[in-house]
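Student: Take a look at this one; I'll ask things after.
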Amino acid sequence: SPFLSGEIHYPFELEMIANGPAVGRAGIHLRRSFIAFTHRTLPERQAALLDGICFNATADLDYDSRQALARSGLIHILSASGMHVVLLAGALAWLARLLPMPRWLQVAFVLVLLMLYGFAAGFQAPIFRAIVMAGGALIAYLLERESDNLSLVALGALLTLLVMPRSVHEVGFVLSFAATLGIVLFGPPLLRPPKEFWKRRWFEAKTSLWVGAS
């Protein structure tokens with residue numbers, strides 16, 4: 001088996017220097033609570049799959065399940081990505097607009113919960129990039145300006161490399177930005193094709209995302 005399991009014994013004691021930000025501790029607590037809940041309520045295999053899809057927690061996934069996903073080309077679903085952040089940000093923004101609170105509080109509400117999810121999911125480069133882009137769009141909304149998607153992609157790349165410089169050597173980082181850039185550049189034109197070729201709006205949107213990401 002290419003996957004190893006066991007215990008690591010350190011010849012020294014670890015010392016906690018600081019507790020870290022409150023939102024980070026809350027995110028870790030959310031992750032642990034979610035994993036504990038899924039393992040209480042679902043069979044072991046389904047719980048491990050759900051943990052991986054939602055929070056990048058794949059430690060409990062068995063070897064056979066990993067191999068089955070790899071053979072079917074679906075191994076990538078075991079990773080929280082920018083799409084998770086986009087869906088969460090959209091749902092939170094919709095909910096915030098329904099609540100009786102000022103615009104700045106709506107933005108703060110969404111950003112804090114996105115940061116909470118980012119810490120819970122491990123804050124990998126694609127998640128960090130998506131949160132930066134969502135934050136830029138929310139600030140534009142706060143200032144009543146229209147956001148520029150290409151500038152948001154550039155901002156996400158710049159801040160990701162400043163915070164996580166080693167991610168430039170990771171394939172996931174490159175593919176994530178390439179897919180996002182493809183959607184930004186080629187998605188909008190494909191949403192406005194001749195109507196005789198595109199009869200339904202949902203098909204237009206899905207097709208533009210597929211072509212852009214490829």
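We name chains A, B, ... following the order of the structure tokens; residues begin at 1 in each chain, and ligands are numbered from 1 as shown.
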Tell me which protein, DNA and RNA residues are within 9 Å of segment 29-35 of chain A, counting only C-alpha atoms, leaving out same-chain ones fewer than 2 positions away, and put them as a list in words.

Tutor: Gly24, Arg25, Ala26, Gly27, Phe37, Thr38, His39, Arg40, Ala47, Ala48, Leu50, Asp51, Phe55, Ala57, Leu116, Tyr117, Phe119, Ala120 and Ala121 of chain A

Student: Running DSSP on the backbone, which parts of chain A land in alpha helix (DSSP H), as a ChimeraX atom specification?

Tutor: /A:22-41,44-55,63-72,82-98,103-120,125-142,149-163,171-190,201-213

Student: Can you tell me, as an MDAnalysis selection string, what residues are no more than 12 Å from segment 88-100 of chain A when counting only C-alpha atoms, ignoring any on the same chain fewer than 3 positions away?

Tutor: chainID A and resid 54 80:85 103:118 127 130:135 137:138 141:142

Student: Might you pull out every residue within 8 Å of Leu78 of chain A, with only C-alpha atoms counted and same-chain residues fewer than 3 positions away left off, and present them as a ChimeraX atom specification?

Tutor: /A:49,52-54,56,58,75
